[in-house]
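Data file: structure_13.csv. Format and content: CSV, C-alpha atoms and all ligand atoms.
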chain,number,residue,atom,x,y,z
A,1111,MET,CA,-12.4,-40.7,-17.9
A,1112,LYS,CA,-11.9,-40.2,-14.2
A,1113,LEU,CA,-9.6,-37.4,-13.2
A,1114,ALA,CA,-8.3,-36.9,-9.7
A,1115,ALA,CA,-10.7,-35.0,-7.4
A,1116,ARG,CA,-8.1,-32.3,-6.8
A,1117,ILE,CA,-8.5,-31.1,-10.3
A,1118,ALA,CA,-12.0,-30.1,-9.6
A,1119,ARG,CA,-10.9,-28.2,-6.5
A,1120,ILE,CA,-8.7,-25.7,-8.4
A,1121,LYS,CA,-9.2,-23.3,-11.3
A,1122,PRO,CA,-6.7,-22.4,-14.0
A,1123,SER,CA,-4.8,-19.1,-13.5
A,1124,GLU,CA,-7.2,-16.4,-14.7
A,1125,THR,CA,-4.4,-13.9,-15.5
A,1126,LEU,CA,-2.7,-16.4,-17.9
A,1127,ALA,CA,-6.2,-17.2,-19.4
A,1128,ILE,CA,-6.7,-13.5,-20.2
A,1129,THR,CA,-3.4,-13.2,-21.9
A,1130,ALA,CA,-4.2,-16.3,-24.0
A,1131,LYS,CA,-7.6,-14.8,-24.9
A,1132,THR,CA,-6.0,-11.4,-25.8
A,1133,ASN,CA,-3.5,-13.2,-28.1
A,1134,ALA,CA,-6.2,-15.3,-29.7
A,1135,LEU,CA,-8.3,-12.2,-30.5
A,1136,ARG,CA,-5.2,-10.4,-31.9
A,1137,ALA,CA,-4.5,-13.4,-34.1
A,1138,GLN,CA,-8.1,-12.9,-35.6
A,1139,GLY,CA,-7.1,-9.4,-36.5
A,1140,ARG,CA,-8.7,-7.5,-33.5
A,1141,ASP,CA,-6.8,-4.5,-32.3
A,1142,VAL,CA,-6.9,-5.4,-28.6
A,1143,ILE,CA,-5.0,-3.3,-26.0
A,1144,GLY,CA,-3.9,-5.7,-23.3
A,1145,PHE,CA,-3.7,-4.6,-19.6
A,1146,GLY,CA,-3.7,-8.2,-18.6
A,1147,ALA,CA,0.0,-9.0,-18.6
A,1148,GLY,CA,1.7,-9.9,-15.3
A,1149,GLU,CA,5.2,-9.3,-16.6
A,1150,PRO,CA,7.4,-6.4,-17.5
A,1151,ASP,CA,7.1,-5.3,-21.1
A,1152,CYS,CA,10.9,-4.6,-21.5
A,1153,ASP,CA,13.4,-7.2,-22.7
A,1154,THR,CA,15.7,-9.1,-20.4
A,1155,PRO,CA,18.9,-7.0,-20.1
A,1156,VAL,CA,21.6,-7.9,-22.5
A,1157,ASN,CA,24.3,-8.8,-19.9
A,1158,ILE,CA,21.9,-11.4,-18.6
A,1159,LYS,CA,21.2,-12.9,-22.0
A,1160,ASN,CA,24.9,-13.0,-22.7
A,1161,ALA,CA,25.6,-14.9,-19.5
A,1162,ALA,CA,23.1,-17.6,-20.8
A,1163,ILE,CA,24.7,-17.7,-24.2
A,1164,LYS,CA,28.1,-18.1,-22.7
A,1165,ALA,CA,26.7,-21.0,-20.6
A,1166,ILE,CA,25.3,-22.8,-23.6
A,1167,GLU,CA,28.5,-22.3,-25.6
A,1168,GLY,CA,30.6,-23.4,-22.6
A,1169,GLY,CA,28.6,-26.6,-22.3
A,1170,PHE,CA,26.9,-25.8,-19.0
A,1171,THR,CA,24.0,-27.8,-20.2
A,1172,LYS,CA,23.7,-30.7,-17.8
A,1173,TYR,CA,22.0,-31.5,-14.5
A,1174,THR,CA,23.0,-29.2,-11.6
A,1175,PRO,CA,22.5,-30.0,-7.9
A,1176,VAL,CA,18.7,-30.2,-7.3
A,1177,SER,CA,18.4,-27.1,-5.2
A,1178,GLY,CA,20.6,-25.0,-7.5
A,1179,THR,CA,24.3,-24.3,-8.1
A,1180,ASP,CA,26.5,-23.3,-5.2
A,1181,GLU,CA,27.5,-20.1,-7.1
A,1182,LEU,CA,23.9,-19.0,-7.5
A,1183,LYS,CA,23.0,-19.9,-3.9
A,1184,ASP,CA,26.1,-17.9,-2.7
A,1185,ALA,CA,24.9,-14.9,-4.8
A,1186,ILE,CA,21.5,-15.2,-3.3
A,1187,VAL,CA,23.0,-15.3,0.2
A,1188,ALA,CA,25.0,-12.2,-0.6
A,1189,LYS,CA,21.9,-10.5,-2.0
A,1190,LEU,CA,19.8,-11.2,1.1
A,1191,LYS,CA,22.6,-9.8,3.3
A,1192,GLN,CA,23.1,-6.7,1.2
A,1193,ASP,CA,19.6,-5.8,0.3
A,1194,ASN,CA,17.6,-7.2,3.3
A,1195,SER,CA,20.2,-7.4,6.1
A,1196,LEU,CA,19.3,-11.1,6.5
A,1197,ASP,CA,21.9,-13.7,7.3
A,1198,TYR,CA,21.5,-17.1,5.6
A,1199,LYS,CA,23.8,-20.0,4.9
A,1200,ARG,CA,24.0,-21.7,1.5
A,1201,SER,CA,22.2,-24.7,2.9
A,1202,GLN,CA,19.1,-22.5,3.6
A,1203,ILE,CA,18.6,-21.6,0.0
A,1204,VAL,CA,16.5,-23.6,-2.5
A,1205,VAL,CA,16.4,-22.5,-6.2
A,1206,SER,CA,13.3,-23.6,-8.1
A,1207,CYS,CA,11.6,-23.0,-11.5
A,1208,GLY,CA,10.2,-19.6,-10.6
A,1209,ALA,CA,8.8,-18.2,-7.4
A,1210,LYS,CA,5.4,-19.9,-8.2
A,1211,HIS,CA,7.2,-23.2,-8.1
A,1212,THR,CA,8.9,-22.2,-4.9
A,1213,LEU,CA,5.5,-21.5,-3.4
A,1214,TYR,CA,4.2,-24.8,-4.7
A,1215,ASN,CA,7.1,-26.8,-3.2
A,1216,LEU,CA,6.7,-24.9,0.0
A,1217,ALA,CA,3.0,-25.7,0.3
A,1218,GLN,CA,3.7,-29.4,-0.5
A,1219,ALA,CA,6.4,-29.5,2.2
A,1220,LEU,CA,4.4,-27.7,4.9
A,1221,PHE,CA,0.7,-28.1,4.6
A,1222,GLU,CA,-1.8,-31.0,4.6
A,1223,GLU,CA,-5.4,-31.8,5.2
A,1224,GLY,CA,-6.8,-29.8,8.1
A,1225,ASP,CA,-4.3,-27.0,8.0
A,1226,GLU,CA,-5.2,-23.4,7.5
A,1227,VAL,CA,-3.2,-20.8,5.7
A,1228,ILE,CA,-4.1,-17.1,6.1
A,1229,ILE,CA,-4.2,-15.1,2.9
A,1230,PRO,CA,-4.9,-11.4,3.0
A,1231,SER,CA,-7.4,-10.5,0.2
A,1232,PRO,CA,-7.1,-9.1,-2.5
A,1233,TYR,CA,-4.5,-11.8,-3.2
A,1234,TRP,CA,-2.4,-13.1,-6.0
A,1235,VAL,CA,-4.4,-15.5,-8.0
A,1236,SER,CA,-2.3,-18.6,-7.3
A,1237,TYR,CA,-2.1,-18.6,-3.5
A,1238,PRO,CA,-5.4,-20.2,-2.8
A,1239,ASP,CA,-5.0,-22.9,-5.4
A,1240,ILE,CA,-1.4,-23.7,-4.3
A,1241,VAL,CA,-2.7,-24.1,-0.7
A,1242,VAL,CA,-5.7,-26.2,-1.9
A,1243,LEU,CA,-3.4,-28.5,-3.9
A,1244,ALA,CA,-1.6,-29.3,-0.7
A,1245,GLY,CA,-4.9,-30.3,0.8
A,1246,ALA,CA,-5.1,-27.3,3.2
A,1247,SER,CA,-7.7,-24.5,3.4
A,1248,PRO,CA,-7.1,-20.8,2.6
A,1249,VAL,CA,-8.5,-18.4,5.3
A,1250,TYR,CA,-9.0,-15.0,3.8
A,1251,VAL,CA,-8.6,-11.7,5.6
A,1252,THR,CA,-10.4,-9.0,3.7
A,1253,THR,CA,-8.3,-5.9,3.7
A,1254,GLU,CA,-10.1,-2.5,3.2
A,1255,GLU,CA,-9.3,0.1,0.5
A,1256,LYS,CA,-9.4,2.7,3.3
A,1257,ASP,CA,-6.6,0.9,5.1
A,1258,GLY,CA,-4.6,0.9,1.8
A,1259,PHE,CA,-5.4,-2.7,1.3
A,1260,LYS,CA,-3.2,-3.7,4.2
A,1261,MET,CA,-4.0,-6.3,6.9
A,1262,LYS,CA,-4.3,-4.8,10.4
A,1263,PRO,CA,-2.8,-6.7,13.3
A,1264,GLN,CA,-6.3,-7.1,14.8
A,1265,GLN,CA,-7.5,-8.7,11.6
A,1266,LEU,CA,-4.6,-11.2,11.6
A,1267,SER,CA,-5.2,-12.0,15.2
A,1268,SER,CA,-8.9,-12.8,14.6
A,1269,ALA,CA,-8.1,-15.0,11.7
A,1270,ILE,CA,-5.8,-17.3,13.7
A,1271,SER,CA,-7.1,-20.7,14.8
A,1272,GLU,CA,-5.7,-23.9,16.3
A,1273,ARG,CA,-5.2,-25.0,12.7
A,1274,THR,CA,-3.3,-22.0,11.4
A,1275,ARG,CA,0.0,-23.1,9.9
A,1276,ALA,CA,1.1,-20.0,8.0
A,1277,VAL,CA,0.3,-16.5,6.8
A,1278,ILE,CA,1.3,-15.2,3.3
A,1279,ILE,CA,2.4,-11.6,3.0
A,1280,ASN,CA,3.0,-10.1,-0.5
A,1281,SER,CA,4.4,-6.6,-0.4
A,1282,PRO,CA,4.4,-4.7,-2.8
A,1283,SER,CA,1.2,-6.6,-3.7
A,1284,ASN,CA,-0.1,-8.1,-6.9
A,1285,PRO,CA,-2.9,-7.0,-7.6
A,1286,THR,CA,-3.2,-3.8,-5.4
A,1287,GLY,CA,0.3,-2.4,-5.4
A,1288,ALA,CA,0.0,-1.8,-1.7
A,1289,ALA,CA,3.2,-2.1,0.3
A,1290,TYR,CA,3.7,-2.5,4.1
A,1291,SER,CA,6.1,-0.1,6.0
A,1292,PRO,CA,8.6,-1.7,8.5
A,1293,GLU,CA,6.4,-0.4,11.4
A,1294,GLU,CA,3.3,-2.1,9.9
A,1295,LEU,CA,5.3,-5.4,9.5
A,1296,LYS,CA,6.6,-5.1,13.0
A,1297,SER,CA,3.1,-4.9,14.4
A,1298,LEU,CA,2.0,-7.9,12.4
A,1299,ALA,CA,5.1,-9.8,13.6
A,1300,LYS,CA,4.1,-9.0,17.2
A,1301,VAL,CA,0.9,-11.0,16.7
A,1302,LEU,CA,2.9,-14.0,15.6
A,1303,LEU,CA,5.9,-13.9,18.0
A,1304,ASP,CA,4.6,-16.3,20.6
A,1305,LYS,CA,2.7,-18.6,18.1
A,1306,ASP,CA,3.7,-21.6,16.2
A,1307,ILE,CA,2.8,-20.0,12.8
A,1308,LEU,CA,5.1,-19.5,9.8
A,1309,VAL,CA,5.2,-16.4,7.6
A,1310,ILE,CA,5.7,-16.7,3.9
A,1311,THR,CA,6.9,-13.4,2.5
A,1312,ASP,CA,6.6,-13.1,-1.3
A,1313,ASP,CA,9.1,-10.4,-2.2
A,1314,ILE,CA,8.9,-10.8,-5.9
A,1315,TYR,CA,8.2,-7.0,-6.4
A,1316,GLU,CA,10.9,-6.0,-3.9
A,1317,LYS,CA,12.7,-3.6,-6.3
A,1318,ILE,CA,9.6,-2.2,-8.0
A,1319,PHE,CA,8.3,0.6,-5.8
A,1320,TYR,CA,7.9,4.4,-6.1
A,1321,ALA,CA,8.8,7.7,-4.6
A,1322,GLY,CA,9.1,7.9,-0.9
A,1323,PHE,CA,8.6,4.2,-0.2
A,1324,SER,CA,11.4,1.9,0.9
A,1325,PHE,CA,11.1,-1.9,0.9
A,1326,ALA,CA,11.2,-4.1,4.0
A,1327,ASN,CA,10.0,-7.7,4.6
A,1328,ILE,CA,8.8,-9.0,7.9
A,1329,ALA,CA,12.0,-10.7,8.8
A,1330,SER,CA,14.1,-7.6,8.2
A,1331,ALA,CA,11.6,-5.4,10.1
A,1332,GLU,CA,11.5,-7.7,13.1
A,1333,GLU,CA,14.5,-10.0,13.6
A,1334,ARG,CA,12.7,-12.1,16.2
A,1335,ILE,CA,10.4,-13.5,13.5
A,1336,LYS,CA,13.2,-14.5,11.1
A,1337,ASP,CA,13.3,-18.1,12.1
A,1338,LYS,CA,9.6,-18.5,11.4
A,1339,THR,CA,9.9,-16.7,8.0
A,1340,ILE,CA,10.3,-18.1,4.6
A,1341,VAL,CA,11.6,-15.5,2.1
A,1342,VAL,CA,10.4,-16.1,-1.4
A,1343,ASN,CA,11.8,-14.2,-4.3
A,1344,GLY,CA,12.9,-14.5,-7.9
A,1345,VAL,CA,14.3,-12.8,-10.9
A,1346,SER,CA,11.1,-12.7,-13.1
A,1347,LYS,CA,9.8,-9.3,-12.3
A,1348,THR,CA,12.9,-7.3,-11.3
A,1349,TYR,CA,15.0,-8.4,-14.4
A,1350,ALA,CA,12.2,-8.9,-16.9
A,1351,MET,CA,13.0,-12.7,-16.8
A,1352,THR,CA,9.5,-14.3,-16.5
A,1353,GLY,CA,10.3,-16.9,-19.2
A,1354,TRP,CA,13.5,-18.0,-17.6
A,1355,ARG,CA,11.8,-19.6,-14.6
A,1356,ILE,CA,14.1,-18.9,-11.7
A,1357,GLY,CA,12.8,-18.3,-8.1
A,1358,TYR,CA,14.1,-19.2,-4.7
A,1359,ALA,CA,13.4,-19.6,-1.0
A,1360,ALA,CA,15.5,-18.7,2.0
A,1361,CYS,CA,14.3,-20.5,5.2
A,1362,SER,CA,15.3,-22.9,7.9
A,1363,GLU,CA,17.5,-25.9,6.9
A,1364,GLU,CA,14.7,-28.2,7.8
A,1365,ILE,CA,12.2,-26.6,5.5
A,1366,ALA,CA,14.9,-26.2,2.8
A,1367,SER,CA,15.7,-29.9,2.8
A,1368,ALA,CA,12.0,-30.9,2.7
A,1369,MET,CA,11.6,-28.7,-0.4
A,1370,ASN,CA,14.8,-30.2,-1.9
A,1371,LYS,CA,13.3,-33.6,-1.4
A,1372,ILE,CA,10.1,-32.7,-3.3
A,1373,GLN,CA,12.0,-31.1,-6.0
A,1374,SER,CA,14.3,-34.1,-6.4
A,1375,GLN,CA,11.3,-36.2,-7.2
A,1376,SER,CA,9.5,-33.8,-9.4
A,1377,THR,CA,11.5,-31.3,-11.5
A,1378,SER,CA,15.1,-31.9,-10.4
A,1379,ASN,CA,17.2,-28.8,-10.8
A,1380,PRO,CA,16.0,-25.6,-12.4
A,1381,THR,CA,17.4,-25.1,-15.9
A,1382,SER,CA,21.2,-24.9,-15.8
A,1383,ILE,CA,21.4,-22.1,-18.4
A,1384,ALA,CA,18.7,-20.0,-16.6
A,1385,GLN,CA,20.7,-20.4,-13.4
A,1386,LYS,CA,23.7,-18.8,-15.1
A,1387,ALA,CA,21.5,-16.0,-16.3
A,1388,ALA,CA,20.0,-15.5,-12.8
A,1389,LEU,CA,23.5,-15.4,-11.3
A,1390,GLU,CA,24.3,-12.5,-13.7
A,1391,ALA,CA,21.0,-10.8,-12.9
A,1392,ILE,CA,21.5,-10.9,-9.1
A,1393,SER,CA,25.2,-10.2,-9.0
A,1394,GLY,CA,25.9,-8.3,-12.2
A,1395,ASP,CA,25.2,-4.7,-13.4
A,1396,GLN,CA,21.9,-3.5,-11.8
A,1397,SER,CA,21.4,-0.3,-13.9
A,1398,ALA,CA,18.5,-1.7,-15.9
A,1399,VAL,CA,16.4,-1.9,-12.8
A,1400,PRO,CA,16.0,1.8,-11.8
A,1401,GLN,CA,15.5,2.6,-15.5
A,1402,MET,CA,12.5,0.2,-15.6
A,1403,VAL,CA,11.1,1.4,-12.3
A,1404,ASN,CA,11.4,5.0,-13.5
A,1405,GLU,CA,9.4,4.2,-16.5
A,1406,PHE,CA,6.8,2.4,-14.5
A,1407,SER,CA,6.6,5.3,-12.1
A,1408,LYS,CA,5.6,7.7,-14.9
A,1409,ARG,CA,3.0,5.3,-16.2
A,1410,ARG,CA,1.6,4.8,-12.7
A,1411,ASP,CA,1.1,8.5,-12.3
A,1412,PHE,CA,-0.6,8.8,-15.6
A,1413,ILE,CA,-2.9,5.8,-15.3
A,1414,VAL,CA,-4.1,6.6,-11.8
A,1415,GLY,CA,-5.0,10.1,-12.7
A,1416,ALA,CA,-6.7,9.1,-16.0
A,1417,LEU,CA,-8.7,6.3,-14.3
A,1418,ASN,CA,-9.8,8.7,-11.5
A,1419,ASP,CA,-11.1,11.0,-14.3
A,1420,ILE,CA,-13.7,8.4,-15.4
A,1421,ASP,CA,-17.1,8.7,-13.9
A,1422,GLY,CA,-17.8,5.6,-11.7
A,1423,ILE,CA,-14.2,4.6,-11.3
A,1424,LYS,CA,-12.0,5.3,-8.2
A,1425,CYS,CA,-8.3,4.3,-8.3
A,1426,PHE,CA,-6.0,3.8,-5.4
A,1427,SER,CA,-2.4,4.9,-6.0
A,1428,PRO,CA,-0.1,1.9,-5.6
A,1429,GLU,CA,3.2,2.1,-3.8
A,1430,GLY,CA,4.8,-0.6,-5.9
A,1431,ALA,CA,4.5,-3.4,-8.5
A,1432,PHE,CA,3.1,-2.5,-11.9
A,1433,TYR,CA,-0.7,-2.9,-11.4
A,1434,VAL,CA,-3.6,-0.6,-10.6
A,1435,PHE,CA,-6.7,-2.0,-9.0
A,1436,PRO,CA,-9.4,0.5,-9.5
A,1437,ASN,CA,-12.7,0.3,-7.8
A,1438,VAL,CA,-15.3,0.0,-10.5
A,1439,SER,CA,-18.4,-0.7,-8.4
A,1440,GLY,CA,-19.6,2.8,-9.3
A,1441,VAL,CA,-20.6,1.6,-12.8
A,1442,TYR,CA,-22.4,-1.6,-11.6
A,1443,GLY,CA,-26.1,-1.3,-12.2
A,1444,ARG,CA,-25.6,0.7,-15.3
A,1445,ALA,CA,-26.6,-0.9,-18.6
A,1446,PHE,CA,-25.5,-1.3,-22.2
A,1447,GLN,CA,-28.1,-2.1,-24.8
A,1448,GLY,CA,-30.5,-3.1,-22.1
A,1449,LYS,CA,-28.0,-5.4,-20.3
A,1450,LYS,CA,-26.9,-4.4,-16.8
A,1451,ILE,CA,-23.3,-4.8,-15.7
A,1452,MET,CA,-23.4,-6.3,-12.2
A,1453,ASN,CA,-19.9,-7.6,-11.5
A,1454,SER,CA,-16.2,-7.5,-12.5
A,1455,ALA,CA,-16.4,-10.4,-15.0
A,1456,GLU,CA,-19.3,-8.7,-16.8
A,1457,LEU,CA,-17.5,-5.4,-16.9
A,1458,ILE,CA,-14.3,-7.1,-18.3
A,1459,ASP,CA,-16.4,-8.8,-21.0
A,1460,PHE,CA,-18.0,-5.4,-21.9
A,1461,LEU,CA,-14.6,-3.7,-22.1
A,1462,LEU,CA,-13.3,-6.4,-24.3
A,1463,ASP,CA,-16.3,-6.4,-26.7
A,1464,GLU,CA,-17.0,-2.6,-26.7
A,1465,ALA,CA,-13.5,-1.1,-26.2
A,1466,ASN,CA,-11.1,-3.8,-27.4
A,1467,VAL,CA,-9.4,-3.6,-24.0
A,1468,ALA,CA,-8.4,-6.6,-22.0
A,1469,ALA,CA,-8.0,-6.5,-18.2
A,1470,VAL,CA,-8.6,-9.0,-15.4
A,1471,PRO,CA,-11.7,-9.2,-13.2
A,1472,GLY,CA,-11.1,-8.4,-9.6
A,1473,ALA,CA,-13.0,-11.5,-8.6
A,1474,ALA,CA,-10.0,-13.6,-9.6
A,1475,PHE,CA,-8.1,-11.8,-6.8
A,1476,GLY,CA,-10.9,-11.9,-4.3
A,1477,SER,CA,-12.6,-8.6,-4.8
A,1478,ASP,CA,-15.5,-8.3,-7.2
A,1479,ASP,CA,-15.6,-4.4,-6.8
A,1480,HIS,CA,-12.4,-4.0,-8.7
A,1481,ILE,CA,-10.6,-4.9,-11.9
A,1482,ARG,CA,-6.8,-5.2,-12.4
A,1483,LEU,CA,-4.9,-3.4,-15.1
A,1484,SER,CA,-1.2,-3.9,-15.6
A,1485,TYR,CA,0.7,-0.9,-16.7
A,1486,ALA,CA,3.6,-3.0,-18.0
A,1487,THR,CA,2.7,-1.8,-21.5
A,1488,SER,CA,3.8,1.3,-23.4
A,1489,MET,CA,2.6,4.8,-22.5
A,1490,LYS,CA,1.0,4.9,-26.0
A,1491,ASN,CA,-1.0,1.8,-25.3
A,1492,ILE,CA,-2.0,3.1,-21.8
A,1493,GLU,CA,-3.2,6.4,-23.2
A,1494,GLU,CA,-5.2,4.8,-26.0
A,1495,GLY,CA,-6.5,2.0,-23.7
A,1496,ILE,CA,-7.8,4.4,-21.1
A,1497,LYS,CA,-9.4,6.6,-23.8
A,1498,ARG,CA,-11.3,3.6,-25.0
A,1499,ILE,CA,-12.4,2.6,-21.5
A,1500,LYS,CA,-13.6,6.1,-20.8
A,1501,LYS,CA,-15.6,6.2,-24.1
A,1502,ALA,CA,-17.1,2.7,-23.4
A,1503,VAL,CA,-18.0,3.6,-19.8
A,1504,SER,CA,-19.7,6.8,-21.0
A,1505,LYS,CA,-22.1,4.7,-23.2
A,1506,LEU,CA,-23.4,3.0,-20.0
A,1507,GLY,CA,-26.7,4.4,-18.8
B,1601,LIG,C1,4.6,-13.1,-10.8
B,1601,LIG,C2,4.4,-13.4,-9.4
B,1601,LIG,C3,5.0,-14.6,-8.8
B,1601,LIG,C4,5.7,-15.7,-9.6
B,1601,LIG,O1,6.8,-15.3,-10.3
B,1601,LIG,P1,7.6,-16.4,-11.0
B,1601,LIG,O2,7.7,-16.0,-12.5
B,1601,LIG,O3,7.0,-17.8,-10.8
B,1601,LIG,O4,9.0,-16.3,-10.4
B,1601,LIG,C5,4.8,-14.8,-7.5
B,1601,LIG,N1,4.1,-14.0,-6.7
B,1601,LIG,C6,3.5,-12.9,-7.2
B,1601,LIG,C7,2.8,-12.0,-6.3
B,1601,LIG,C8,3.6,-12.6,-8.6
B,1601,LIG,O5,3.0,-11.5,-9.1
Final structure tokens representation of the file:
Amino acid sequence: MKLAARIARIKPSETLAITAKTNALRAQGRDVIGFGAGEPDCDTPVNIKNAAIKAIEGGFTKYTPVSGTDELKDAIVAKLKQDNSLDYKRSQIVVSCGAKHTLYNLAQALFEEGDEVIIPSPYWVSYPDIVVLAGASPVYVTTEEKDGFKMKPQQLSSAISERTRAVIINSPSNPTGAAYSPEELKSLAKVLLDKDILVITDDIYEKIFYAGFSFANIASAEERIKDKTIVVNGVSKTYAMTGWRIGYAACSEEIASAMNKIQSQSTSNPTSIAQKAALEAISGDQSAVPQMVNEFSKRRDFIVGALNDIDGIKCFSPEGAFYVFPNVSGVYGRAFQGKKIMNSAELIDFLLDEANVAAVPGAAFGSDDHIRLSYATSMKNIEEGIKRIKKAVSKLG
């Protein structure tokens, strides 16, 4: 059978594939510790679940306006004002089925053949494929570990061409956990001020950051860039709501109505019930968020220390999100039973076979010297998992 050529141009999400593989091995009875998950391990807070139950019982189960309900859009407008000091109107908000869907709609609305989109690397697995599906080309800017995995203004400037349409910024970052300060964002904005280039800021980890850091996005750091910025956010990570599928964009009315048009011919509205839940998440009691972040913070401290204790592994301490991205190139070239480990995929296979530990190869995020471990799993699992990794790595010679 002939499939569309675009299918050959993209790859399935590697993080979702690892989760599926972990689950399959567990179903066979293998005791696998999973560091693959890209979602909080806690349950959705009860006030949020109750809002959805109430919506079902109250018959709020029909189509809503394509770009989301007015009440949810108004809550998002209020949130952007309160948390980010950004002013938007209801007509500038589009609610979609998760931030990934928001990014997909955005790419479909903005990019086409011949366009370039700048993506700092390491990057979230889906950015390149979302750009490619729109017919455009990703242009990678390789950030350095010594720069805290952050793009320098000079690097951004050098990556710009006649064809550049947009740059994607994700802070705190998945996979590195690196986060930009307002000053750093200001200096990146400066490069873009007099250019016809959009900035997509993926703020999905906005609330998940640690001691001493405080969140800003590029539009709040430099108001002159706001009209060129599309703010992308959602409830998945902050409120442990990955399965509910609600994300949103805040942008110019022109882009919002283009996204709305695409959504009207593809998914129609995001789920009515999930929108009620998202409304409660965004405007209701926020106390579950600091509790979750506090727990992540303890795990981060532990896992960074424990990984740095393993010979051949060097781990950068993340400012936010719930991932560590240790540099494992120190073990490359070592062998197990005569077979040398030469890259992140081979190390991940070795760890799964020998240590019953699942993680994601850094290559999926654009860096083969690293692997990604999510610490959105219990402290007990983290302790046991790191112990297993240490033991397995010590067998390499
Ligand atoms: C999880 C994630 C998303 C997508 O979240 P949704 O569940 O689709 O709202 C987007 N960007 C990054 C960087 C993520 O890690």
Per residue of segment 1246-1317 of chain A within 12 Å of segment 1461-1482 of chain A, record the nearest atom pair and its distance in Å to one decimal, counting all atoms listed in the file, with rows in chain order and ascending residue number, as CSV.
residue,atom,partner,partner_atom,distance
A:Pro1248,CA,A:Gly1476,CA,11.9
A:Val1249,CA,A:Gly1476,CA,11.8
A:Tyr1250,CA,A:Gly1476,CA,8.9
A:Val1251,CA,A:Gly1476,CA,10.2
A:Thr1252,CA,A:Gly1476,CA,8.5
A:Thr1253,CA,A:Ser1477,CA,9.9
A:Glu1254,CA,A:Ser1477,CA,10.4
A:Glu1255,CA,A:His1480,CA,10.5
A:Phe1259,CA,A:Ser1477,CA,11.1
A:Ser1283,CA,A:Phe1475,CA,11.1
A:Asn1284,CA,A:Phe1475,CA,8.8
A:Pro1285,CA,A:Arg1482,CA,6.4
A:Thr1286,CA,A:Arg1482,CA,8.0
A:Gly1287,CA,A:Arg1482,CA,10.4
* To do: For Ser1195 of chain A, please output as an NGL selection string all residues within 10 Å (counting all atoms listed in the file; exclusion window: fewer than 4 positions along the same chain).
  => :A and (1188-1191 or 1326 or 1329-1331 or 1333)
* Structure fact -> Using all atoms listed in the file, the best pick from A:Ile1120, A:Ala1445, A:Val1434, A:Ile1335 as closest to Cys1361 of chain A would be A:Ile1335
* Residues at most 10 Å from ligand LIG 1601 (chain B), using all atoms listed in the file? Could they come as a PyMOL selection string? -> chain A and resi 1147-1150+1206-1214+1233-1237+1279-1285+1287+1311-1315+1342-1348+1350-1358+1431-1433
* Suppose you want the space between atom CA of Pro1292 of chain A and atom CA of Pro1230 of chain A; what is it in Å? ->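 We find that atom CA of Pro1292 of chain A and atom CA of Pro1230 of chain A lie 17.5 Å from each other.
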Segment 1326-1396 of chain A residues near segment 1167-1171 of chain A within 9 Å, closest pair each, using all atoms listed in the file, as a tab-separated table:
residue	atom	partner	partner_atom	distance
A:Thr1381	CA	A:Thr1171	CA	8.3
A:Ser1382	CA	A:Thr1171	CA	6.0
A:Ile1383	CA	A:Thr1171	CA	6.5
A:Lys1386	CA	A:Phe1170	CA	8.6
* Could you tell me which of A:Ser1397, A:Glu1364, A:Thr1274, A:Phe1412 comes closest to Asn1491 of chain A if we count all atoms listed in the file? =>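 Of the candidates, the smallest distance to Asn1491 of chain A is held by A:Phe1412.
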* Structure fact -> atom CA of Ile1307 of chain A sits from atom CA of Arg1275 of chain A at a separation of 5.1 Å
* Asked: Please, what distance in Å, to one decimal, runs between atom CA of Asp1304 of chain A and atom CA of Ala1288 of chain A?
  -> 27.0 Å
* To do: Using all atoms listed in the file, find all polymer residues with an atom at most 12 Å away from the point (-7.7, -33.3, -7.0); report them as a VMD selection string.
  => chain A and resid 1112 to 1121 1239 to 1240 1242 to 1245
* Residues at most 9 Å from segment 1392-1395 of chain A, counting only C-alpha atoms, excluding those fewer than 5 positions away in the same chain, as a list in words? ->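 Result of the neighbour search: Asn1157, Ile1158, Leu1182, Ala1185, Ile1186, Ala1188, Lys1189, Val1345, Tyr1349 and Ala1387 of chain A.
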* Find the residues near Phe1406 of chain A: any atom within 8 Å, counting only C-alpha atoms, skip ones fewer than 2 places away on the same chain, and give them as an NGL selection string. => :A and (1402-1404 or 1408-1410 or 1432 or 1485-1486)
Write out, as a PDB file, keeping the file's coordinate frame, the residues just selected, with C-alpha atoms.
ATOM      1  CA  MET A1402      12.500   0.200 -15.600  1.00  0.00           C
ATOM      2  CA  VAL A1403      11.100   1.400 -12.300  1.00  0.00           C
ATOM      3  CA  ASN A1404      11.400   5.000 -13.500  1.00  0.00           C
ATOM      4  CA  LYS A1408       5.600   7.700 -14.900  1.00  0.00           C
ATOM      5  CA  ARG A1409       3.000   5.300 -16.200  1.00  0.00           C
ATOM      6  CA  ARG A1410       1.600   4.800 -12.700  1.00  0.00           C
ATOM      7  CA  PHE A1432       3.100  -2.500 -11.900  1.00  0.00           C
ATOM      8  CA  TYR A1485       0.700  -0.900 -16.700  1.00  0.00           C
ATOM      9  CA  ALA A1486       3.600  -3.000 -18.000  1.00  0.00           C
TER      10      ALA A1486
END
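Closest to Gln1375 of chain A among A:Val1503, A:Leu1196, A:Asn1215, A:Thr1129 is A:Asn1215, based on all atoms listed in the file.
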* To do: Using all atoms listed in the file, find the one residue out of A:Gln1138, A:Ser1407, A:Ser1362, A:Thr1154 that sits nearest to Ile1318 of chain A.
  => A:Ser1407
* **Residue among A:Gly1139, A:Gly1507, A:Gly1422, A:Gly1495 lying closest to Gly1448 of chain A, counting all atoms listed in the file** => A:Gly1507
